[in-house]
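Visitor: Can you keep this structure in mind? I'll have questions shortly.
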There are 2 protein chains.
Amino acid sequence: MDDKLKGVFAAALTPLKNDLSVDYERLVSHCRWLLDNGCDGLAVLGTTGEANSFSLPERIRILEALFEAGIPGASLMPGTGCCSITDTVELTSRAVALGAAGILMLPPFYYKGVSDEGLFAAYSEVIERVGDTSLKVYLYHFPQMSAVPISYDLIERLLKRYPATIAGMKDSSGVFDNMAGAAQQFPGFGVFSGGDDFLLPLLEKGGVGCITAVCNIASSLSAQLYRAWQDGEPGCEDMQKNLIKVRQAVSTYPYSASLKTLLAHFSGADDWLTLRPPLVMLSENEKADLIRLFISTGFTPPSFG
Amino acid sequence: MDDKLKGVFAAALTPLKNDLSVDYERLVSHCRWLLDNGCDGLAVLGTTGEANSFSLPERIRILEALFEAGIPGASLMPGTGCCSITDTVELTSRAVALGAAGILMLPPFYYKGVSDEGLFAAYSEVIERVGDTSLKVYLYHFPQMSAVPISYDLIERLLKRYPATIAGMKDSSGVFDNMAGAAQQFPGFGVFSGGDDFLLPLLEKGGVGCITAVCNIASSLSAQLYRAWQDGEPGCEDMQKNLIKVRQAVSTYPYSASLKTLLAHFSGADDWLTLRPPLVMLSENEKADLIRLFISTGFTPPSFG
């Protein structure tokens with residue numbers, strides 16, 4: 001387990017310019033800020049990061065920009081799962097070549113109601129075509145968004161065929177029994193919760209951490225809880241409760257819009273306030289409501305200085 | 001209405017080679033066969049054609065291959081809607097430059113529960129960036145697959161802003177009232193049924209035709225019905241019933257697998273039997289069952305000679 005990823009990961013936001021192109025400079029600063037403020041790693045190019053709203057060349061450029069800026073590959077778990085296996089192979093190969101420690105891989109998500117046999121074939125084809133022993137795949141289970149769930153049967157089948165490659169799962173289903181059950185049923189399979197609300201309970205059931213949107217603003221809280229739990233310190237329950245309170249405030253509105261609003265507010269950089277369609281920014285009233293709610297939790301993000 | 005697309009369109013299959021690459025030669029032959037056997041047009045790169053299982057360069061190459069082979073642009077309505085607006089813009093621009101008469105455009109389909117405001121912004125951004133007056137957009141309403149419905153409010157808003165560009169819709173919801181209602185509510189807006197079962201009833205309510213998977217094998221039947229209805233001939237009801245019988249046999253299994261099985265059987269070319277994961281081919285028993293059911297309808301596809 002020691003070489004496997006664990007701890008607190010941010011599902012990092014992707015800052016944009018007014019013309020909807022990626023603001024690479026701000027992305028690099030944000031990633032550095034996250035690593036300086038508790039994050040063990042960065043799940044860039046995920047749902048919160050609007051990955052599927054970017055073309056393949058744009059996603060590759062995002063990865064290259066991070067590596068060129070010296071963001072350590074050991075801290076990176078980029079999302080690379082596309083609808084097309086040829087796209088997934090290209091993006092995954094590039095991420096592995098650049099040194100990404102893990103890959104968060106959505107199943108092909110256009111076709112619904114596909115069989116586990118079909119999903120196995122898709123993951124299998126990607127793994128075989130990438131053909132790199134340093135590839136570590138984390139399956140991305142997010143049925144509410146992908147509408148293509150990852151079943152235990154699929155995990156079992158993939159683990160049996162690719163034991164050195166299938167490293168774990170991000171479970172964003174919000175169903176605690178599913179994530180805890182996977183952690184218990186598959187020893188050594190690293191299960192991350194997709195929500196901060198289950199960080200402590202999942203660690204107690206053998207999970208390895210969390211990968212969350214809220215970490216974009218409050219990774220210091222999740223990290224404090226994770227360290228306290230690792231060191232067997234008291235107060236973990238209270239830290240979890242506090243984290244849930246912050247999470248509730250942030251989740252009043254859709255995550256990407258909500259978090260970009262909060263980062264704009266606390267960093268003073270209004271450039272944060274751009275999303276790619278189909279996501280839209282909050283109204284002025286919603287922004288004010290969110291900021292008020294967030295401040296009322298009593299949590300203040302670390303300085304952006 | 002006269003310059004608008006109408007009639008019987010096949011949601012054309014994409015034949016593959018054993019290595020999962022596109023068999024361009026067979027695709028061109030299939031498209032010619034469809035046009036020779038009743039199809040008014042070809043909705044290539046749709047759901048049945050596994051479009052989202054191909055990369056952007058692969059999709060562009062498919063379009064180029066069709067145009068190079070002399071398939072008339074006037075008959076083409078390629079699917080170009082991707083999750084990323086940058087991808088959709090690139091593919092749409094290429095299709096328009098090559099002369100495609102219409103474009104079938106899925107909404108961005110990764111994010112679920114997005115607002116009409118967000119979908120309007122996405123379509124709007126694509127239309128503005130393509131910036132070509134010859135662009136004719138058909139909205140693709142297929143909530144069971146995309147999980148992102150096209151509402152009447154969205155249609156109304158788009159028609160108001162882009163009256164010369166928003167040409168119609170393919171409605172694959174299977175909800176007759178939705179397609180008939182759209183045809184009645186928006187005069188001049190060309191509504192195609194996504195299923196053969198509603199071809200006649202939708203024509204009677206002001207719709208313009210159908211775009212279906214079953215047309216890959218039975219376009220001669222849909223075309224016969226469409227011509228008879230146009231010419232006010234008797235027997236349309238019976239033709240519709242017969243078409244439904246054929247459709248029911250084909251839809252015993254998922255369309256792409258089912259239709260590739262039938263084309264392999266009737267054309268004698270086993271090369272048809274390849275799908276890209278996550279779709280999978282039928283088992284031998286399923287194939288035999290399907291062929292038996294199909295033959296029992298009494299319909300024989302036109303010669304492939």
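Residue numbers start at 1 in each chain; chains themselves are named A, B, ... in the order of the structure tokens; ligands are numbered from 1 in the order shown.
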Need the shell around Pro143 of chain A: protein/DNA/RNA residues with any atom at most 10 Å away, counting only C-alpha atoms. Skip same-chain ones fewer than 4 positions apart. Format as a list of chain:residue names?
Guide: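 What passes the distance filter is A:Phe109, A:Ala147, A:Val148, A:Pro149, A:Ile150, A:Asp171, A:Ser172, A:Ser173, A:Gly174.
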Visitor: Would you mind listing, as an MDAnalysis selection string, all residues of chain A that have at least one atom within 9 Å of chain B, where only C-alpha atoms are what counts?
Guide: chainID A and resid 47 50:56 82:87 107:123 125 144:147 276:280
Visitor: Neighbouring residues of Gly209 of chain B were defined as those with any atom within 9 Å, considering only C-alpha atoms; residues of the same chain fewer than 4 positions away were excluded. Please report them as an mmCIF file with C-alpha atoms, in the first residue's frame.
Guide:
```cif
data_model
loop_
_atom_site.group_PDB
_atom_site.id
_atom_site.type_symbol
_atom_site.label_atom_id
_atom_site.label_comp_id
_atom_site.auth_asym_id
_atom_site.auth_seq_id
_atom_site.Cartn_x
_atom_site.Cartn_y
_atom_site.Cartn_z
ATOM 1 C CA LEU B 5 -34.436 18.499 -44.858
ATOM 2 C CA LYS B 6 -37.292 16.006 -44.722
ATOM 3 C CA GLY B 7 -38.158 12.399 -45.317
ATOM 4 C CA VAL B 8 -36.442 9.195 -44.321
ATOM 5 C CA PHE B 9 -32.958 9.361 -42.819
ATOM 6 C CA GLY B 190 -38.634 20.394 -38.794
ATOM 7 C CA VAL B 191 -39.400 17.635 -36.322
ATOM 8 C CA PHE B 192 -38.081 14.146 -37.122
ATOM 9 C CA SER B 193 -39.123 11.133 -35.103
ATOM 10 C CA LEU B 199 -43.324 8.038 -38.769
ATOM 11 C CA LEU B 200 -46.936 8.160 -40.006
ATOM 12 C CA LEU B 202 -45.920 12.412 -36.754
ATOM 13 C CA LEU B 203 -46.301 13.247 -40.460
ATOM 14 C CA TYR B 226 -43.276 8.164 -46.676
#
```
Visitor: Tell me, as number ranges by chain, which residues lie within 10 Å of Arg26 of chain B, counting only C-alpha atoms; anything in the same chain fewer than 5 positions away does not count.
Guide: B: 14-17, 31-32, 269, 271-272
Visitor: Run DSSP on the backbone of this structure and report the residues of segment 9-182 of chain B it assigns to alpha helix (DSSP H), as a JSON list (two decimals) with N, CA and C atoms, in the first residue's frame.
Guide:
```json
[["chain", "number", "residue", "atom", "x", "y", "z"],
["B", 24, "TYR", "N", -13.59, 2.59, -43.77],
["B", 24, "TYR", "CA", -14.14, 3.68, -44.58],
["B", 24, "TYR", "C", -14.77, 3.16, -45.87],
["B", 25, "GLU", "N", -14.15, 2.17, -46.46],
["B", 25, "GLU", "CA", -14.65, 1.64, -47.73],
["B", 25, "GLU", "C", -16.05, 1.05, -47.55],
["B", 26, "ARG", "N", -16.20, 0.26, -46.50],
["B", 26, "ARG", "CA", -17.51, -0.35, -46.25],
["B", 26, "ARG", "C", -18.53, 0.72, -45.85],
["B", 27, "LEU", "N", -18.08, 1.74, -45.14],
["B", 27, "LEU", "CA", -18.98, 2.83, -44.76],
["B", 27, "LEU", "C", -19.54, 3.52, -46.00],
["B", 28, "VAL", "N", -18.67, 3.82, -46.94],
["B", 28, "VAL", "CA", -19.11, 4.47, -48.17],
["B", 28, "VAL", "C", -20.10, 3.58, -48.92],
["B", 29, "SER", "N", -19.78, 2.28, -49.04],
["B", 29, "SER", "CA", -20.71, 1.35, -49.73],
["B", 29, "SER", "C", -22.06, 1.31, -49.03],
["B", 30, "HIS", "N", -22.01, 1.26, -47.70],
["B", 30, "HIS", "CA", -23.26, 1.20, -46.94],
["B", 30, "HIS", "C", -24.08, 2.47, -47.18],
["B", 31, "CYS", "N", -23.43, 3.62, -47.17],
["B", 31, "CYS", "CA", -24.15, 4.88, -47.39],
["B", 31, "CYS", "C", -24.76, 4.91, -48.78],
["B", 32, "ARG", "N", -24.01, 4.43, -49.76],
["B", 32, "ARG", "CA", -24.57, 4.38, -51.13],
["B", 32, "ARG", "C", -25.78, 3.45, -51.18],
["B", 33, "TRP", "N", -25.67, 2.30, -50.55],
["B", 33, "TRP", "CA", -26.77, 1.32, -50.52],
["B", 33, "TRP", "C", -28.02, 1.94, -49.88],
["B", 34, "LEU", "N", -27.79, 2.71, -48.80],
["B", 34, "LEU", "CA", -28.92, 3.36, -48.13],
["B", 34, "LEU", "C", -29.60, 4.38, -49.04],
["B", 35, "LEU", "N", -28.79, 5.18, -49.72],
["B", 35, "LEU", "CA", -29.36, 6.20, -50.62],
["B", 35, "LEU", "C", -30.04, 5.54, -51.82],
["B", 36, "ASP", "N", -29.54, 4.38, -52.21],
["B", 36, "ASP", "CA", -30.16, 3.65, -53.34],
["B", 36, "ASP", "C", -31.43, 2.93, -52.93],
["B", 56, "LEU", "N", -12.19, 13.05, -32.17],
["B", 56, "LEU", "CA", -12.53, 14.13, -33.11],
["B", 56, "LEU", "C", -11.84, 13.93, -34.46],
["B", 57, "PRO", "N", -10.54, 13.65, -34.50],
["B", 57, "PRO", "CA", -9.91, 13.40, -35.81],
["B", 57, "PRO", "C", -10.55, 12.22, -36.55],
["B", 58, "GLU", "N", -10.95, 11.19, -35.82],
["B", 58, "GLU", "CA", -11.62, 10.05, -36.48],
["B", 58, "GLU", "C", -12.95, 10.49, -37.09],
["B", 59, "ARG", "N", -13.69, 11.31, -36.37],
["B", 59, "ARG", "CA", -14.99, 11.76, -36.89],
["B", 59, "ARG", "C", -14.82, 12.65, -38.11],
["B", 60, "ILE", "N", -13.82, 13.53, -38.05],
["B", 60, "ILE", "CA", -13.56, 14.40, -39.20],
["B", 60, "ILE", "C", -13.17, 13.55, -40.42],
["B", 61, "ARG", "N", -12.36, 12.54, -40.17],
["B", 61, "ARG", "CA", -11.92, 11.66, -41.26],
["B", 61, "ARG", "C", -13.12, 10.93, -41.89],
["B", 62, "ILE", "N", -14.07, 10.54, -41.06],
["B", 62, "ILE", "CA", -15.28, 9.89, -41.56],
["B", 62, "ILE", "C", -16.03, 10.82, -42.52],
["B", 63, "LEU", "N", -16.19, 12.06, -42.10],
["B", 63, "LEU", "CA", -16.88, 13.03, -42.97],
["B", 63, "LEU", "C", -16.12, 13.23, -44.28],
["B", 64, "GLU", "N", -14.80, 13.39, -44.16],
["B", 64, "GLU", "CA", -13.99, 13.61, -45.36],
["B", 64, "GLU", "C", -14.10, 12.42, -46.31],
["B", 65, "ALA", "N", -14.09, 11.23, -45.75],
["B", 65, "ALA", "CA", -14.16, 10.02, -46.59],
["B", 65, "ALA", "C", -15.47, 9.99, -47.38],
["B", 66, "LEU", "N", -16.56, 10.38, -46.74],
["B", 66, "LEU", "CA", -17.85, 10.39, -47.42],
["B", 66, "LEU", "C", -17.87, 11.41, -48.56],
["B", 67, "PHE", "N", -17.35, 12.59, -48.26],
["B", 67, "PHE", "CA", -17.34, 13.63, -49.29],
["B", 67, "PHE", "C", -16.41, 13.26, -50.44],
["B", 68, "GLU", "N", -15.25, 12.71, -50.10],
["B", 68, "GLU", "CA", -14.30, 12.30, -51.14],
["B", 68, "GLU", "C", -14.89, 11.22, -52.04],
["B", 85, "ILE", "N", -17.53, 22.40, -26.06],
["B", 85, "ILE", "CA", -17.96, 23.29, -27.14],
["B", 85, "ILE", "C", -16.82, 23.50, -28.15],
["B", 86, "THR", "N", -15.58, 23.44, -27.70],
["B", 86, "THR", "CA", -14.47, 23.60, -28.66],
["B", 86, "THR", "C", -14.46, 22.45, -29.67],
["B", 87, "ASP", "N", -14.74, 21.24, -29.19],
["B", 87, "ASP", "CA", -14.84, 20.09, -30.10],
["B", 87, "ASP", "C", -16.04, 20.25, -31.04],
["B", 88, "THR", "N", -17.17, 20.63, -30.49],
["B", 88, "THR", "CA", -18.38, 20.77, -31.30],
["B", 88, "THR", "C", -18.18, 21.82, -32.39],
["B", 89, "VAL", "N", -17.51, 22.91, -32.04],
["B", 89, "VAL", "CA", -17.24, 23.96, -33.02],
["B", 89, "VAL", "C", -16.35, 23.42, -34.14],
["B", 90, "GLU", "N", -15.31, 22.69, -33.78],
["B", 90, "GLU", "CA", -14.38, 22.20, -34.80],
["B", 90, "GLU", "C", -15.07, 21.22, -35.76],
["B", 91, "LEU", "N", -15.82, 20.29, -35.18],
["B", 91, "LEU", "CA", -16.46, 19.26, -36.01],
["B", 91, "LEU", "C", -17.58, 19.88, -36.86],
["B", 92, "THR", "N", -18.34, 20.79, -36.27],
["B", 92, "THR", "CA", -19.44, 21.44, -37.00],
["B", 92, "THR", "C", -18.89, 22.28, -38.14],
["B", 93, "SER", "N", -17.84, 23.04, -37.87],
["B", 93, "SER", "CA", -17.26, 23.89, -38.92],
["B", 93, "SER", "C", -16.79, 23.04, -40.09],
["B", 94, "ARG", "N", -16.18, 21.91, -39.75],
["B", 94, "ARG", "CA", -15.67, 21.02, -40.81],
["B", 94, "ARG", "C", -16.84, 20.47, -41.63],
["B", 95, "ALA", "N", -17.90, 20.06, -40.93],
["B", 95, "ALA", "CA", -19.06, 19.48, -41.63],
["B", 95, "ALA", "C", -19.71, 20.52, -42.54],
["B", 96, "VAL", "N", -19.83, 21.75, -42.06],
["B", 96, "VAL", "CA", -20.44, 22.81, -42.86],
["B", 96, "VAL", "C", -19.55, 23.13, -44.06],
["B", 97, "ALA", "N", -18.25, 23.20, -43.83],
["B", 97, "ALA", "CA", -17.31, 23.49, -44.93],
["B", 97, "ALA", "C", -17.39, 22.42, -46.00],
["B", 116, "ASP", "N", -31.57, 25.45, -18.67],
["B", 116, "ASP", "CA", -31.78, 25.86, -20.07],
["B", 116, "ASP", "C", -30.90, 27.05, -20.42],
["B", 117, "GLU", "N", -30.64, 27.89, -19.42],
["B", 117, "GLU", "CA", -29.73, 29.02, -19.63],
["B", 117, "GLU", "C", -28.34, 28.51, -20.05],
["B", 118, "GLY", "N", -27.88, 27.44, -19.38],
["B", 118, "GLY", "CA", -26.58, 26.86, -19.70],
["B", 118, "GLY", "C", -26.57, 26.20, -21.07],
["B", 119, "LEU", "N", -27.66, 25.51, -21.40],
["B", 119, "LEU", "CA", -27.73, 24.86, -22.71],
["B", 119, "LEU", "C", -27.85, 25.89, -23.83],
["B", 120, "PHE", "N", -28.62, 26.95, -23.56],
["B", 120, "PHE", "CA", -28.70, 28.04, -24.54],
["B", 120, "PHE", "C", -27.31, 28.63, -24.76],
["B", 121, "ALA", "N", -26.59, 28.86, -23.68],
["B", 121, "ALA", "CA", -25.25, 29.44, -23.79],
["B", 121, "ALA", "C", -24.33, 28.52, -24.60],
["B", 122, "ALA", "N", -24.48, 27.20, -24.40],
["B", 122, "ALA", "CA", -23.62, 26.25, -25.12],
["B", 122, "ALA", "C", -23.93, 26.27, -26.62],
["B", 123, "TYR", "N", -25.23, 26.15, -26.98],
["B", 123, "TYR", "CA", -25.60, 26.18, -28.40],
["B", 123, "TYR", "C", -25.22, 27.53, -29.02],
["B", 124, "SER", "N", -25.46, 28.58, -28.27],
["B", 124, "SER", "CA", -25.20, 29.92, -28.75],
["B", 124, "SER", "C", -23.70, 30.11, -29.04],
["B", 125, "GLU", "N", -22.88, 29.67, -28.11],
["B", 125, "GLU", "CA", -21.43, 29.80, -28.28],
["B", 125, "GLU", "C", -20.97, 29.05, -29.53],
["B", 126, "VAL", "N", -21.54, 27.86, -29.75],
["B", 126, "VAL", "CA", -21.16, 27.07, -30.93],
["B", 126, "VAL", "C", -21.59, 27.78, -32.21],
["B", 127, "ILE", "N", -22.85, 28.23, -32.24],
["B", 127, "ILE", "CA", -23.37, 28.89, -33.45],
["B", 127, "ILE", "C", -22.56, 30.15, -33.77],
["B", 128, "GLU", "N", -22.27, 30.93, -32.74],
["B", 128, "GLU", "CA", -21.51, 32.17, -32.95],
["B", 128, "GLU", "C", -20.09, 31.87, -33.43],
["B", 129, "ARG", "N", -19.47, 30.86, -32.83],
["B", 129, "ARG", "CA", -18.09, 30.56, -33.21],
["B", 129, "ARG", "C", -18.00, 29.96, -34.62],
["B", 130, "VAL", "N", -18.97, 29.11, -34.97],
["B", 130, "VAL", "CA", -18.96, 28.56, -36.33],
["B", 130, "VAL", "C", -19.20, 29.70, -37.32],
["B", 143, "PRO", "N", -33.34, 12.02, -24.22],
["B", 143, "PRO", "CA", -33.07, 12.05, -22.78],
["B", 143, "PRO", "C", -32.62, 10.70, -22.20],
["B", 144, "GLN", "N", -33.09, 9.58, -22.78],
["B", 144, "GLN", "CA", -32.69, 8.28, -22.24],
["B", 144, "GLN", "C", -31.18, 8.03, -22.42],
["B", 145, "MET", "N", -30.59, 8.65, -23.43],
["B", 145, "MET", "CA", -29.17, 8.39, -23.68],
["B", 145, "MET", "C", -28.30, 9.57, -23.24],
["B", 146, "SER", "N", -28.65, 10.77, -23.67],
["B", 146, "SER", "CA", -27.83, 11.93, -23.30],
["B", 146, "SER", "C", -28.08, 12.34, -21.85],
["B", 152, "TYR", "N", -39.04, 22.67, -24.60],
["B", 152, "TYR", "CA", -39.68, 23.63, -25.50],
["B", 152, "TYR", "C", -39.18, 25.05, -25.23],
["B", 153, "ASP", "N", -38.96, 25.37, -23.97],
["B", 153, "ASP", "CA", -38.46, 26.71, -23.63],
["B", 153, "ASP", "C", -37.12, 26.98, -24.31],
["B", 154, "LEU", "N", -36.27, 25.94, -24.30],
["B", 154, "LEU", "CA", -34.96, 26.09, -24.95],
["B", 154, "LEU", "C", -35.12, 26.26, -26.46],
["B", 155, "ILE", "N", -36.00, 25.45, -27.06],
["B", 155, "ILE", "CA", -36.25, 25.56, -28.50],
["B", 155, "ILE", "C", -36.74, 26.97, -28.84],
["B", 156, "GLU", "N", -37.68, 27.45, -28.06],
["B", 156, "GLU", "CA", -38.26, 28.76, -28.31],
["B", 156, "GLU", "C", -37.21, 29.87, -28.25],
["B", 157, "ARG", "N", -36.37, 29.76, -27.22],
["B", 157, "ARG", "CA", -35.34, 30.77, -27.03],
["B", 157, "ARG", "C", -34.32, 30.74, -28.17],
["B", 158, "LEU", "N", -33.95, 29.52, -28.59],
["B", 158, "LEU", "CA", -32.98, 29.40, -29.68],
["B", 158, "LEU", "C", -33.58, 29.87, -31.00],
["B", 159, "LEU", "N", -34.85, 29.51, -31.24],
["B", 159, "LEU", "CA", -35.51, 29.94, -32.48],
["B", 159, "LEU", "C", -35.61, 31.46, -32.56],
["B", 160, "LYS", "N", -35.85, 32.07, -31.42],
["B", 160, "LYS", "CA", -36.00, 33.52, -31.38],
["B", 160, "LYS", "C", -34.66, 34.21, -31.72],
["B", 161, "ARG", "N", -33.59, 33.65, -31.16],
["B", 161, "ARG", "CA", -32.27, 34.27, -31.34],
["B", 161, "ARG", "C", -31.63, 33.90, -32.68],
["B", 176, "PHE", "N", -44.59, 10.47, -28.01],
["B", 176, "PHE", "CA", -45.21, 11.03, -29.21],
["B", 176, "PHE", "C", -45.71, 12.45, -29.00],
["B", 177, "ASP", "N", -46.32, 12.70, -27.84],
["B", 177, "ASP", "CA", -46.86, 14.04, -27.59],
["B", 177, "ASP", "C", -45.78, 15.12, -27.61],
["B", 178, "ASN", "N", -44.56, 14.73, -27.23],
["B", 178, "ASN", "CA", -43.49, 15.73, -27.24],
["B", 178, "ASN", "C", -43.12, 16.13, -28.66],
["B", 179, "MET", "N", -42.99, 15.11, -29.54],
["B", 179, "MET", "CA", -42.60, 15.44, -30.92],
["B", 179, "MET", "C", -43.74, 16.12, -31.68],
["B", 180, "ALA", "N", -44.96, 15.59, -31.51],
["B", 180, "ALA", "CA", -46.10, 16.19, -32.21],
["B", 180, "ALA", "C", -46.35, 17.61, -31.70],
["B", 181, "GLY", "N", -46.20, 17.79, -30.39],
["B", 181, "GLY", "CA", -46.40, 19.11, -29.79],
["B", 181, "GLY", "C", -45.41, 20.12, -30.32],
["B", 182, "ALA", "N", -44.15, 19.69, -30.49],
["B", 182, "ALA", "CA", -43.12, 20.61, -31.00],
["B", 182, "ALA", "C", -43.44, 20.99, -32.45]]
```
Visitor: May I ask for the distance between atom CA of Glu233 of chain A and atom CA of Lys245 of chain A, given in Å to one decimal place?
Guide: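 If I compute the distance from atom CA of Glu233 of chain A to atom CA of Lys245 of chain A, I get 21.1 Å.
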Visitor: For segment 235-243 of chain B, work out the shell of residues within 8 Å, counting only C-alpha atoms and skipping chain neighbours fewer than 2 positions away, then give it as a list in words.
Guide: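 That gives Asp196, Asp197, Leu199, Leu200, Leu221, Ser222, Gln224, Leu225, Ala228, Trp229, Glu233, Lys245, Val246 and Arg247 of chain B.
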Visitor: Output N, CA, C and O atoms for every residue in that selection, as an mmCIF file, in the first residue's frame.
Guide:
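So part-v5.cif came out as:
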```
data_model
loop_
_atom_site.group_PDB
_atom_site.id
_atom_site.type_symbol
_atom_site.label_atom_id
_atom_site.label_comp_id
_atom_site.auth_asym_id
_atom_site.auth_seq_id
_atom_site.Cartn_x
_atom_site.Cartn_y
_atom_site.Cartn_z
ATOM 1 N N ASP B 196 -39.132 4.614 -35.951
ATOM 2 C CA ASP B 196 -39.972 4.327 -37.120
ATOM 3 C C ASP B 196 -41.434 4.191 -36.725
ATOM 4 O O ASP B 196 -42.332 4.351 -37.557
ATOM 5 N N ASP B 197 -41.664 3.871 -35.447
ATOM 6 C CA ASP B 197 -43.033 3.624 -34.997
ATOM 7 C C ASP B 197 -43.926 4.860 -35.094
ATOM 8 O O ASP B 197 -45.141 4.752 -35.163
ATOM 9 N N LEU B 199 -43.490 7.342 -37.490
ATOM 10 C CA LEU B 199 -43.324 8.038 -38.769
ATOM 11 C C LEU B 199 -44.660 8.582 -39.278
ATOM 12 O O LEU B 199 -44.807 9.801 -39.477
ATOM 13 N N LEU B 200 -45.643 7.709 -39.465
ATOM 14 C CA LEU B 200 -46.936 8.160 -40.006
ATOM 15 C C LEU B 200 -47.680 9.117 -39.066
ATOM 16 O O LEU B 200 -48.086 10.207 -39.495
ATOM 17 N N LEU B 221 -38.783 0.145 -46.516
ATOM 18 C CA LEU B 221 -40.137 0.140 -45.929
ATOM 19 C C LEU B 221 -40.570 1.539 -45.486
ATOM 20 O O LEU B 221 -41.698 1.964 -45.762
ATOM 21 N N SER B 222 -39.685 2.245 -44.783
ATOM 22 C CA SER B 222 -40.029 3.598 -44.309
ATOM 23 C C SER B 222 -40.235 4.506 -45.507
ATOM 24 O O SER B 222 -41.132 5.361 -45.518
ATOM 25 N N GLN B 224 -41.202 3.669 -48.529
ATOM 26 C CA GLN B 224 -42.464 3.330 -49.190
ATOM 27 C C GLN B 224 -43.634 4.023 -48.479
ATOM 28 O O GLN B 224 -44.509 4.626 -49.113
ATOM 29 N N LEU B 225 -43.593 3.980 -47.172
ATOM 30 C CA LEU B 225 -44.633 4.634 -46.374
ATOM 31 C C LEU B 225 -44.600 6.148 -46.575
ATOM 32 O O LEU B 225 -45.639 6.792 -46.789
ATOM 33 N N ALA B 228 -45.926 7.074 -50.028
ATOM 34 C CA ALA B 228 -47.378 6.843 -50.094
ATOM 35 C C ALA B 228 -48.123 7.957 -49.367
ATOM 36 O O ALA B 228 -49.135 8.478 -49.840
ATOM 37 N N TRP B 229 -47.607 8.345 -48.223
ATOM 38 C CA TRP B 229 -48.243 9.423 -47.455
ATOM 39 C C TRP B 229 -48.172 10.741 -48.220
ATOM 40 O O TRP B 229 -49.171 11.476 -48.317
ATOM 41 N N GLU B 233 -51.688 8.252 -51.064
ATOM 42 C CA GLU B 233 -52.118 6.899 -51.439
ATOM 43 C C GLU B 233 -52.737 6.166 -50.260
ATOM 44 O O GLU B 233 -52.484 6.498 -49.109
ATOM 45 N N LYS B 245 -43.603 -3.889 -36.963
ATOM 46 C CA LYS B 245 -43.275 -5.301 -36.756
ATOM 47 C C LYS B 245 -41.770 -5.543 -36.976
ATOM 48 O O LYS B 245 -41.108 -6.209 -36.181
ATOM 49 N N VAL B 246 -41.251 -4.950 -38.036
ATOM 50 C CA VAL B 246 -39.811 -5.093 -38.320
ATOM 51 C C VAL B 246 -38.989 -4.422 -37.221
ATOM 52 O O VAL B 246 -37.997 -4.971 -36.739
ATOM 53 N N ARG B 247 -39.439 -3.251 -36.829
ATOM 54 C CA ARG B 247 -38.733 -2.526 -35.768
ATOM 55 C C ARG B 247 -38.677 -3.331 -34.477
ATOM 56 O O ARG B 247 -37.661 -3.372 -33.783
#
```
Visitor: Excluding Gln184 of chain A and any residue of its chain fewer than 6 positions from it, enumerate the residues within 9 Å of it, using only C-alpha atoms, and give them as a VMD selection string.
Guide: chain A and resid 205 to 207
